[in-house]
Structures are given as C-alpha cells and as structure tokens.
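Asks: Just one file: upload_3.cif, with mmCIF, C-alpha atoms.
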data_my_file
#
loop_
_atom_site.label_atom_id
_atom_site.label_comp_id
_atom_site.auth_asym_id
_atom_site.auth_seq_id
_atom_site.Cartn_x
_atom_site.Cartn_y
_atom_site.Cartn_z
CA MET A 979 117.56 0.64 43.74
CA GLY A 980 115.84 -2.00 41.64
CA ALA A 981 112.29 -1.52 42.89
CA GLU A 982 112.58 2.27 42.87
CA SER A 983 113.91 2.38 39.32
CA ILE A 984 111.07 0.14 38.15
CA GLU A 985 108.55 2.40 39.88
CA ARG A 986 110.05 5.44 38.14
CA LEU A 987 109.78 3.62 34.79
CA VAL A 988 106.11 2.81 35.44
CA GLU A 989 105.33 6.40 36.46
CA TYR A 990 107.20 7.72 33.42
CA LEU A 991 105.29 5.47 31.00
CA ARG A 992 101.89 6.25 32.53
CA SER A 993 102.61 9.97 32.41
CA ARG A 994 103.12 9.57 28.66
CA GLY A 995 99.82 7.78 28.24
CA ALA A 996 101.22 4.28 27.64
CA LYS A 997 98.75 1.39 27.71
CA GLU A 998 98.86 -0.89 30.73
CA HIS A 999 100.05 -3.91 28.73
CA THR A 1000 102.93 -1.77 27.41
CA VAL A 1001 103.78 -0.69 30.96
CA LYS A 1002 103.81 -4.32 32.12
CA THR A 1003 105.91 -5.47 29.15
CA TYR A 1004 108.52 -2.73 29.56
CA ALA A 1005 108.68 -3.31 33.32
CA ARG A 1006 109.26 -7.02 32.70
CA PHE A 1007 112.21 -6.29 30.41
CA ALA A 1008 113.58 -3.80 32.97
CA ARG A 1009 113.41 -6.42 35.74
CA LYS A 1010 115.27 -8.90 33.56
CA LEU A 1011 117.90 -6.24 32.89
CA LEU A 1012 118.36 -5.63 36.61
CA GLU A 1013 118.67 -9.36 37.25
CA ALA A 1014 121.50 -9.50 34.71
CA CYS A 1015 122.96 -6.13 35.67
CA PRO A 1016 122.23 -5.14 39.29
CA GLU A 1017 124.11 -1.89 38.64
CA PRO A 1018 123.31 -1.32 34.95
CA THR A 1019 125.91 0.30 32.75
CA LYS A 1020 125.85 1.04 29.05
CA GLU A 1021 128.05 -1.98 28.31
CA CYS A 1022 125.94 -4.33 30.39
CA ALA A 1023 122.71 -3.02 28.83
CA LEU A 1024 124.08 -3.56 25.32
CA SER A 1025 125.17 -7.06 26.26
CA PHE A 1026 121.69 -7.76 27.62
CA LEU A 1027 120.09 -6.44 24.43
CA ALA A 1028 122.38 -8.62 22.33
CA GLN A 1029 120.88 -11.71 23.97
CA TYR A 1030 117.72 -10.99 22.00
CA SER A 1031 119.45 -10.82 18.62
CA GLY A 1032 118.11 -14.24 17.67
CA LYS A 1033 114.55 -13.43 18.68
CA ALA A 1034 111.73 -12.16 16.47
CA PRO A 1035 112.27 -8.59 15.17
CA LEU A 1036 109.32 -7.29 17.17
CA THR A 1037 110.73 -8.78 20.39
CA GLN A 1038 114.13 -7.19 19.71
CA ALA A 1039 112.51 -3.82 19.09
CA THR A 1040 110.33 -4.05 22.21
CA CYS A 1041 113.37 -4.85 24.34
CA ALA A 1042 115.30 -1.89 22.88
CA TYR A 1043 112.42 0.53 23.46
CA ALA A 1044 111.94 -0.80 26.99
CA LEU A 1045 115.62 -0.22 27.83
CA ARG A 1046 115.50 3.26 26.35
CA ALA A 1047 112.45 4.11 28.44
CA PHE A 1048 114.08 2.65 31.55
CA PHE A 1049 117.20 4.80 31.24
CA GLU A 1050 115.23 7.89 30.24
CA ALA A 1051 113.12 7.44 33.40
CA ASN A 1052 116.26 6.91 35.49
CA PRO A 1053 118.79 9.55 34.39
CA ASP A 1054 120.66 9.16 37.69
CA LEU A 1055 122.01 5.81 36.41
CA GLY A 1056 124.26 7.79 34.08
CA VAL A 1057 123.36 5.94 30.88
CA ASP A 1058 122.18 8.02 27.92
CA TYR A 1059 119.06 6.29 26.61
CA ARG A 1060 120.07 7.30 23.07
CA ASP A 1061 123.04 4.94 23.34
CA ILE A 1062 120.62 2.01 23.17
CA PRO A 1063 120.36 1.26 19.42
CA LEU A 1064 117.00 0.70 17.80
CA PRO A 1065 116.48 -1.84 15.00
CA SER A 1066 115.83 -0.29 11.61
CA ARG A 1067 112.24 0.04 10.42
CA VAL A 1068 112.96 -2.59 7.80
CA GLU A 1069 114.02 -5.08 10.46
CA VAL A 1070 110.99 -4.40 12.64
CA ALA A 1071 108.49 -4.38 9.79
CA ARG A 1072 106.05 -7.24 9.93
CA LYS A 1073 104.04 -8.51 7.01
CA VAL A 1074 100.36 -7.72 7.39
CA VAL A 1075 98.17 -10.78 6.92
CA VAL A 1076 95.06 -9.85 4.95
CA ILE A 1077 92.28 -12.31 5.70
CA PRO A 1078 89.35 -12.68 3.28
CA GLU A 1079 85.96 -11.81 4.75
CA ALA A 1080 84.68 -15.33 4.01
CA VAL A 1081 87.41 -16.76 6.24
CA ILE A 1082 86.73 -14.31 9.06
CA ARG A 1083 83.07 -15.27 8.85
CA ARG A 1084 83.93 -18.97 9.15
CA VAL A 1085 86.23 -18.24 12.09
CA ALA A 1086 83.54 -16.22 13.89
CA GLU A 1087 80.73 -18.70 13.25
CA ALA A 1088 82.84 -21.63 14.44
CA GLU A 1089 83.50 -20.08 17.86
CA ASP A 1090 81.18 -19.85 20.85
CA ILE A 1091 78.60 -17.10 20.64
CA LYS A 1092 80.56 -14.52 22.67
CA VAL A 1093 83.86 -14.91 20.83
CA GLY A 1094 82.04 -15.05 17.51
CA ALA A 1095 80.29 -11.74 18.20
CA MET A 1096 83.58 -10.15 19.27
CA ILE A 1097 85.31 -11.20 16.05
CA ALA A 1098 82.31 -10.07 13.99
CA LEU A 1099 82.35 -6.56 15.51
CA MET A 1100 86.15 -6.35 15.34
CA TYR A 1101 85.86 -6.89 11.61
CA GLU A 1102 82.73 -4.85 10.89
CA VAL A 1103 83.92 -1.60 12.49
CA GLY A 1104 87.67 -2.28 12.60
CA LEU A 1105 88.01 -2.52 16.37
CA ARG A 1106 91.43 -2.83 17.93
CA VAL A 1107 91.88 -5.57 20.52
CA SER A 1108 92.02 -2.97 23.29
CA GLU A 1109 88.72 -1.43 22.15
CA VAL A 1110 86.63 -4.60 22.52
CA GLY A 1111 86.60 -4.41 26.31
CA LYS A 1112 85.60 -0.72 26.17
CA LEU A 1113 82.25 -1.43 24.51
CA LEU A 1114 79.23 -0.92 26.76
CA CYS A 1115 75.79 -2.45 26.42
CA GLY A 1116 74.40 0.98 25.60
CA ASP A 1117 76.82 1.35 22.70
CA LEU A 1118 74.96 -1.29 20.70
CA ASP A 1119 71.65 -0.33 19.07
CA LEU A 1120 69.88 -3.31 17.48
CA LEU A 1121 66.97 -1.18 16.24
CA GLU A 1122 69.14 1.18 14.20
CA TRP A 1123 71.91 -1.41 13.79
CA THR A 1124 74.69 0.86 14.98
CA VAL A 1125 77.51 0.61 17.47
CA TYR A 1126 79.45 3.36 19.19
CA ALA A 1127 83.11 2.52 18.65
CA ARG A 1128 85.11 3.80 21.62
CA ARG A 1129 88.50 4.31 20.00
CA ALA A 1130 91.97 4.21 21.53
CA LYS A 1131 95.32 5.70 20.49
CA GLY A 1132 93.88 9.15 19.88
CA SER A 1133 91.60 7.94 17.10
CA VAL A 1134 88.09 9.25 16.48
CA SER A 1135 85.25 7.59 18.41
CA SER A 1136 81.98 7.52 16.48
CA VAL A 1137 78.67 5.77 15.85
CA LEU A 1138 79.07 3.32 12.98
CA PRO A 1139 76.48 1.25 11.10
CA ILE A 1140 76.43 -2.53 11.17
CA VAL A 1141 75.51 -3.51 7.60
CA THR A 1142 76.83 -7.04 7.06
CA ASP A 1143 74.14 -9.70 7.44
CA TRP A 1144 76.30 -12.42 9.02
CA VAL A 1145 77.64 -9.90 11.51
CA LYS A 1146 74.08 -8.90 12.42
CA ASP A 1147 73.17 -12.56 12.96
CA LEU A 1148 76.06 -13.18 15.36
CA VAL A 1149 75.63 -9.91 17.26
CA ARG A 1150 71.85 -10.40 17.59
CA ALA A 1151 72.33 -13.93 18.92
CA TYR A 1152 74.94 -12.78 21.45
CA ALA A 1153 72.84 -9.78 22.57
CA THR A 1154 69.94 -12.12 23.30
CA VAL A 1155 72.11 -14.36 25.47
CA ARG A 1156 73.97 -11.43 27.08
CA ALA A 1157 70.65 -9.84 28.12
CA CYS A 1158 72.13 -6.58 29.38
CA ARG A 1159 70.28 -5.05 32.34
CA ASP A 1160 72.03 -1.70 32.36
CA PRO A 1161 73.47 0.32 29.43
CA SER A 1162 76.60 1.05 31.46
CA GLU A 1163 77.52 -2.64 31.76
CA PRO A 1164 80.36 -3.93 29.56
CA LEU A 1165 79.05 -5.56 26.41
CA PHE A 1166 81.78 -8.19 26.66
CA PRO A 1167 82.49 -8.72 30.37
CA GLY A 1168 85.58 -10.51 31.58
CA ARG A 1169 85.90 -12.82 34.54
CA SER A 1170 86.09 -9.86 36.92
CA GLY A 1171 82.84 -8.41 35.61
CA ARG A 1172 84.64 -5.46 34.03
CA GLY A 1173 85.28 -5.24 30.30
CA ILE A 1174 87.19 -8.22 28.92
CA SER A 1175 90.94 -7.65 29.04
CA TYR A 1176 93.30 -7.02 26.13
CA THR A 1177 95.22 -10.20 26.96
CA ARG A 1178 92.08 -12.36 26.99
CA VAL A 1179 90.70 -10.98 23.72
CA SER A 1180 94.08 -11.41 22.05
CA ALA A 1181 94.43 -15.01 23.20
CA LEU A 1182 90.89 -16.00 22.19
CA VAL A 1183 91.05 -14.42 18.74
CA LYS A 1184 94.55 -15.66 17.97
CA ALA A 1185 93.52 -19.22 18.89
CA ALA A 1186 90.41 -18.93 16.71
CA LEU A 1187 92.45 -17.75 13.71
CA ALA A 1188 94.99 -20.55 14.19
CA LYS A 1189 92.24 -23.18 13.94
CA HIS A 1190 91.58 -22.03 10.38
CA GLY A 1191 95.18 -22.01 9.17
CA TYR A 1192 96.08 -18.45 10.15
CA SER A 1193 98.52 -19.18 12.97
CA ASP A 1194 100.82 -16.40 11.71
CA ALA A 1195 98.06 -13.79 11.92
CA ARG A 1196 97.61 -11.37 14.80
CA PRO A 1197 94.18 -10.32 16.08
CA HIS A 1198 95.03 -6.81 14.83
CA ASP A 1199 95.16 -8.22 11.30
CA ILE A 1200 91.36 -8.42 11.43
CA ARG A 1201 91.31 -4.62 11.53
CA HIS A 1202 93.90 -4.43 8.72
CA SER A 1203 91.82 -6.88 6.72
CA ARG A 1204 88.68 -4.76 7.09
CA GLY A 1205 90.44 -1.67 5.77
CA THR A 1206 92.10 -3.50 2.90
CA ASN A 1207 88.98 -5.45 1.91
CA LEU A 1208 86.88 -2.28 1.84
CA LEU A 1209 89.40 -0.56 -0.43
CA LYS A 1210 89.51 -3.60 -2.71
CA ALA A 1211 85.71 -3.46 -2.91
CA GLY A 1212 85.94 0.12 -4.19
CA VAL A 1213 84.98 1.99 -1.02
CA ASP A 1214 86.57 5.45 -1.02
CA VAL A 1215 89.46 6.26 1.32
CA VAL A 1216 87.51 8.86 3.32
CA THR A 1217 84.80 6.34 4.21
CA VAL A 1218 87.36 3.68 5.13
CA ALA A 1219 89.14 6.23 7.35
CA HIS A 1220 85.84 6.92 9.13
CA VAL A 1221 85.17 3.21 9.67
CA LEU A 1222 88.64 2.70 11.17
CA GLY A 1223 88.53 5.90 13.23
CA HIS A 1224 91.58 7.43 11.58
CA LYS A 1225 92.11 11.14 12.23
CA ALA A 1226 94.42 11.55 9.24
CA LEU A 1227 93.95 10.09 5.77
CA SER A 1228 97.66 9.26 5.72
CA SER A 1229 96.90 6.51 8.23
CA THR A 1230 94.42 4.99 5.78
CA THR A 1231 96.37 5.39 2.54
CA ARG A 1232 99.05 2.99 3.81
CA TYR A 1233 96.51 0.24 3.12
CA LEU A 1234 96.53 1.19 -0.54
CA HIS A 1235 99.87 -0.49 -1.20
CA LEU A 1236 98.28 -3.81 -0.20
CA VAL A 1237 95.59 -3.24 -2.82
CA VAL A 1238 98.20 -2.32 -5.44
CA ASP A 1239 100.20 -5.45 -4.57
CA ASP A 1240 97.09 -7.54 -5.08
CA ILE A 1241 96.41 -5.95 -8.49
CA ARG A 1242 100.03 -6.49 -9.49
CA ARG A 1243 99.87 -10.16 -8.53
CA LYS A 1244 96.68 -10.72 -10.52
CA LEU A 1245 98.11 -8.98 -13.59
CA GLU A 1246 101.32 -11.03 -13.40
CA GLU A 1247 99.32 -14.25 -13.10
CA ALA A 1248 97.20 -13.27 -16.11
CA LEU A 1249 100.31 -12.56 -18.20
CA LYS A 1250 101.83 -15.91 -17.25
CA ARG A 1251 98.69 -17.71 -18.40
CA ARG A 1252 98.88 -15.95 -21.76
CA ALA A 1253 102.58 -16.70 -22.24
#
Spell out the structure here as structure tokens.

Replies:
Amino acid sequence: MGAESIERLVEYLRSRGAKEHTVKTYARFARKLLEACPEPTKECALSFLAQYSGKAPLTQATCAYALRAFFEANPDLGVDYRDIPLPSRVEVARKVVVIPEAVIRRVAEAEDIKVGAMIALMYEVGLRVSEVGKLLCGDLDLLEWTVYARRAKGSVSSVLPIVTDWVKDLVRAYATVRACRDPSEPLFPGRSGRGISYTRVSALVKAALAKHGYSDARPHDIRHSRGTNLLKAGVDVVTVAHVLGHKALSSTTRYLHLVVDDIRRKLEEALKRRA
C-alpha cells in the first residue's frame, strides 16, 4: 500500500502543476508518515503532525499541506484531508528580508563569475530561483542589453532591459567565459549539462548571502528586494509589476507596506532626534 499511495500522491501533485521540488518534499513527508503509521488513520496523522510543533512555522505548514495532499490523493484510506489542520496565516508568515542593492552587489562581486552573474540577473529582473535554470543562451542579448525572463508560477514572461552598470559588468564577464555555441543551450548549465537545478541555485545563493551577514535571508528575498528597492526609488507600481512578471497589480502592491514601514521608521527616528 505504501508505494502505491506515494505514487498516487505524486501523480495527483503533477496533475495540478506542482513543481518537482514540491512533489519531492511532499512525498518525503508522506513516506515519513507511513513509517510512523503503516495504516494511517486520522488520529495517527494528527499525532505525526504534532511532532513538528516545535519546528519552524514554514516546516509545520509544509508538513500539514503534504498530509492534506496525501489523503486527498488517497481517498480510499478513509481520512478526510480537511481534518488535517493548517497553521494560521499569521503563524506561517515569514518576515521578508529586504537587502540593499549595494549589499547584493558586494555579494555578487565576491563570488565566482558564474554565481555572481546569476545573482546579478536574479536582482536585475527579479528572477525566482526556479527561473535561473530556465534561461537559455539565446535569451541574453548583449548588444541590446536585454534578457528574456522565462517566468514560472503563471507569471508573464517578457524581454526586460538590463540597465544597471555593475550587473552589465558581471553578465558580460560571464558571457565571455561561458562562450555559448548554440542559443538553445542553458545559460547557466548544471553538472548534467541541463539548466542548473533549483536546489543548486538555492544552495549557492544562500551560502553567498550568509557570507555577508544575511544568513536569515532566502534566495527569494533578492527578488523581494528588487521590487521593494524599485518602489523606494520612486518607480511606479505598473513598471515594477512588469519587471517582476506579475499578472495582477495586487501582487505588486503588497511590497508597498514594506516601503511604508521604512518611511514610518525614518520619521520616528527623526522625531526622536528632535525630542
């Protein structure tokens, strides 16, 4: 039963368009559940979930969603997936780390040429970790200084300009070393020759950020930082949405509260100095 139920979970997730790293993560939680509960019941599943109560909020939430998906994919087990409680949004919420551009530049320039170019492009056009490996050699145009951002998660793929000088320097240097022979080759190849994997990009970027005192930052915070820094610089919301590939402006306006928080902090500091 164990292997078959895991296979059904995997098929269910893929049919819903889940990313491969999500499929692997959920399957791992499901296997651990079956090790603890060879014949899973509601009570046993809740007991298993409770073991993660002391873990990070995101880990707790991932476990809960994985169990829900497992039981939804295996209705014959007789457990209603809705009986698996989800943590509240407040509990799962994670503080976004906004990194100044000057720091991201130092991080990128301190790494080897490939990692530096990856970080530079992640910042310049707000790439997600999963989108780095999708870039092809033909997506980069050094004459027009543009890159075709192949978006994930139903976002809008588009050609975007590369305008920041230090980003141009790093990308130009990497392109010279990369020396692509075919436009269909991955711009950032992994060990297999295909596009570099999500796991590898995440590990490399997280390690690079940690070296500069940002051990609590995720690679995705580089994208958040780009959106927030552009808004702080006075760039309009529509343009920021285009840079990040957002289909709806509501996805971009959530960055505005970070800008408001920054203004509030500066005003409070100014008032304290006057007091």

Asks: Could you check the closest approach to A:Lys1189 for each of A:Glu1013, A:Asp1239, A:Glu1122, A:Glu1089 and tell me which residue wins, using all atoms listed in the file?

Replies: A:Glu1089

Asks: Taking only residues of stretch 1055-1142 of chain A that have an atom at most 9 Å from an atom of stretch 1205-1220 of chain A, what is each one's shortest atom pair and its distance in Å to one decimal, using only C-alpha atoms, in chain and number order, as a Markdown table?

Replies:
| residue | atom | partner | partner_atom | distance |
| --- | --- | --- | --- | --- |
| A:Val1076 | CA | A:Thr1206 | CA | 7.3 |
| A:Ile1077 | CA | A:Asn1207 | CA | 8.5 |
| A:Pro1078 | CA | A:Asn1207 | CA | 7.4 |
| A:Glu1079 | CA | A:Asn1207 | CA | 7.6 |
| A:Gly1104 | CA | A:Gly1205 | CA | 7.4 |
| A:Val1134 | CA | A:His1220 | CA | 8.0 |
| A:Ser1136 | CA | A:His1220 | CA | 8.3 |
| A:Leu1138 | CA | A:His1220 | CA | 8.6 |

Asks: Show me, as a PyMOL selection string, the residues that have an atom within 10 Å of A:Arg1083 when counting only C-alpha atoms, minus same-chain residues fewer than 6 positions from it.

Replies: chain A and resi 1094+1097-1098+1101+1144-1145+1148

Asks: Take the residues from that selection and write them out as an mmCIF file, keeping the file's coordinate frame, keeping C-alpha atoms.

Replies:
data_model
loop_
_atom_site.group_PDB
_atom_site.id
_atom_site.type_symbol
_atom_site.label_atom_id
_atom_site.label_comp_id
_atom_site.auth_asym_id
_atom_site.auth_seq_id
_atom_site.Cartn_x
_atom_site.Cartn_y
_atom_site.Cartn_z
ATOM 1 C CA GLY A 1094 82.040 -15.050 17.510
ATOM 2 C CA ILE A 1097 85.310 -11.200 16.050
ATOM 3 C CA ALA A 1098 82.310 -10.070 13.990
ATOM 4 C CA TYR A 1101 85.860 -6.890 11.610
ATOM 5 C CA TRP A 1144 76.300 -12.420 9.020
ATOM 6 C CA VAL A 1145 77.640 -9.900 11.510
ATOM 7 C CA LEU A 1148 76.060 -13.180 15.360
#

Asks: Can you tell me which residues surround A:Glu1021 at a distance of at most 12 Å, considering all atoms listed in the file, apart from same-chain residues fewer than 6 positions away, and format the answer as JSON, numbers by chain?

Replies: {"A": [1011, 1014, 1015, 1027, 1028, 1056, 1057, 1058, 1061, 1062]}

Asks: Let me make sure I understand: among A:Ile1082, A:Ile1091, A:Val1110, A:Ile984, which one has the smallest atom-to-atom distance to A:Leu1045 if we use all atoms listed in the file?

Replies: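 Residue with the minimum atom-to-atom distance to A:Leu1045: A:Ile984.
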
Asks: Given the file above and the PyMOL selection byres ((chain A and resi 1173-1182) around 8), which residues are selected, and can you give them as an NGL selection string?

Replies: :A and (999 or 1093 or 1107-1108 or 1110-1113 or 1164-1169 or 1171-1172 or 1183-1186 or 1197)

Asks: Evaluating the PyMOL selection byres ((chain A and resi 982) around 12) on the displayed file yields which residues, as a PyMOL selection string?

Replies: chain A and resi 979-981+983-989+1005+1008-1009+1012+1048+1051-1052+1054-1055

Asks: Applying the PyMOL selection byres ((chain A and resi 1063) around 12) to the file I just gave you, which residues come out? Please list them as a list in words.

Replies: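 That selection, the PyMOL selection byres ((chain A and resi 1063) around 12), comes back as Lys1020, Ala1023, Leu1024, Ser1025, Leu1027, Ala1028, Gln1038, Ala1039, Thr1040, Cys1041, Ala1042, Tyr1043, Ala1044, Leu1045, Arg1046, Asp1058, Tyr1059, Arg1060, Asp1061, Ile1062, Leu1064, Pro1065 and Ser1066 of chain A.
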
Asks: How would the residues just chosen look if you wrote them out with C-alpha atoms as a CSV table (one decimal), in the coordinates of the input?

Replies:
chain,number,residue,atom,x,y,z
A,1020,LYS,CA,125.8,1.0,29.0
A,1023,ALA,CA,122.7,-3.0,28.8
A,1024,LEU,CA,124.1,-3.6,25.3
A,1025,SER,CA,125.2,-7.1,26.3
A,1027,LEU,CA,120.1,-6.4,24.4
A,1028,ALA,CA,122.4,-8.6,22.3
A,1038,GLN,CA,114.1,-7.2,19.7
A,1039,ALA,CA,112.5,-3.8,19.1
A,1040,THR,CA,110.3,-4.0,22.2
A,1041,CYS,CA,113.4,-4.8,24.3
A,1042,ALA,CA,115.3,-1.9,22.9
A,1043,TYR,CA,112.4,0.5,23.5
A,1044,ALA,CA,111.9,-0.8,27.0
A,1045,LEU,CA,115.6,-0.2,27.8
A,1046,ARG,CA,115.5,3.3,26.4
A,1058,ASP,CA,122.2,8.0,27.9
A,1059,TYR,CA,119.1,6.3,26.6
A,1060,ARG,CA,120.1,7.3,23.1
A,1061,ASP,CA,123.0,4.9,23.3
A,1062,ILE,CA,120.6,2.0,23.2
A,1064,LEU,CA,117.0,0.7,17.8
A,1065,PRO,CA,116.5,-1.8,15.0
A,1066,SER,CA,115.8,-0.3,11.6

Asks: If you count only C-alpha atoms, which residues fall within 12 Å of A:Asp1143, apart from same-chain ones fewer than 2 positions away, as a PyMOL selection string?

Replies: chain A and resi 1083+1098-1099+1102+1123+1139-1141+1145-1150

Asks: Interatomic distance between atom CA of A:Glu1163 and atom CA of A:Arg994?

Replies: 28.5 Å

Asks: Expressed in Å to a single decimal, how great is the separation between atom CA of A:Cys1115 and atom CA of A:Pro1161?

Replies: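 Taking atom CA of A:Cys1115 as the start and atom CA of A:Pro1161 as the end point, the length is 4.7 Å.
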
Asks: Of the residues A:Ala1226, A:Ile1241, A:Ala1248, A:Leu1114, which is the one nearest to A:Ser1133, using all atoms listed in the file?

Replies: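 Counting all atoms listed in the file, the residue closest to A:Ser1133 is A:Ala1226.
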
Asks: Where's the centre, and what are the edge lengths in Å to one decimal, of a box along x, y and z enclosing all listed atoms of stretch 1124-1138 of chain A padded 4 Å per side, as AutoDock Vina command-line options?

Replies:
--center_x 85.0 --center_y 4.9 --center_z 17.3 --size_x 28.6 --size_y 16.6 --size_z 16.6

Asks: With distances taken over all atoms listed in the file, which of A:Arg1084, A:His1202, A:Arg1159, A:His1190 is nearest to A:Arg1232?

Replies: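 Counting all atoms listed in the file, the residue closest to A:Arg1232 is A:His1202.
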
Asks: List the neighbours of A:Glu1109 out to 9 Å using only C-alpha atoms; skip same-chain residues closer than 5 positions along the sequence, and give me the result as a PyMOL selection string.

Replies: chain A and resi 1100+1127-1130+1176

Asks: Now that the selection is made, can you save its residues with C-alpha atoms as a PDB file, keeping the file's coordinate frame?

Replies:
ATOM      1  CA  MET A1100      86.150  -6.350  15.340  1.00  0.00           C
ATOM      2  CA  ALA A1127      83.110   2.520  18.650  1.00  0.00           C
ATOM      3  CA  ARG A1128      85.110   3.800  21.620  1.00  0.00           C
ATOM      4  CA  ARG A1129      88.500   4.310  20.000  1.00  0.00           C
ATOM      5  CA  ALA A1130      91.970   4.210  21.530  1.00  0.00           C
ATOM      6  CA  TYR A1176      93.300  -7.020  26.130  1.00  0.00           C
TER       7      TYR A1176
END
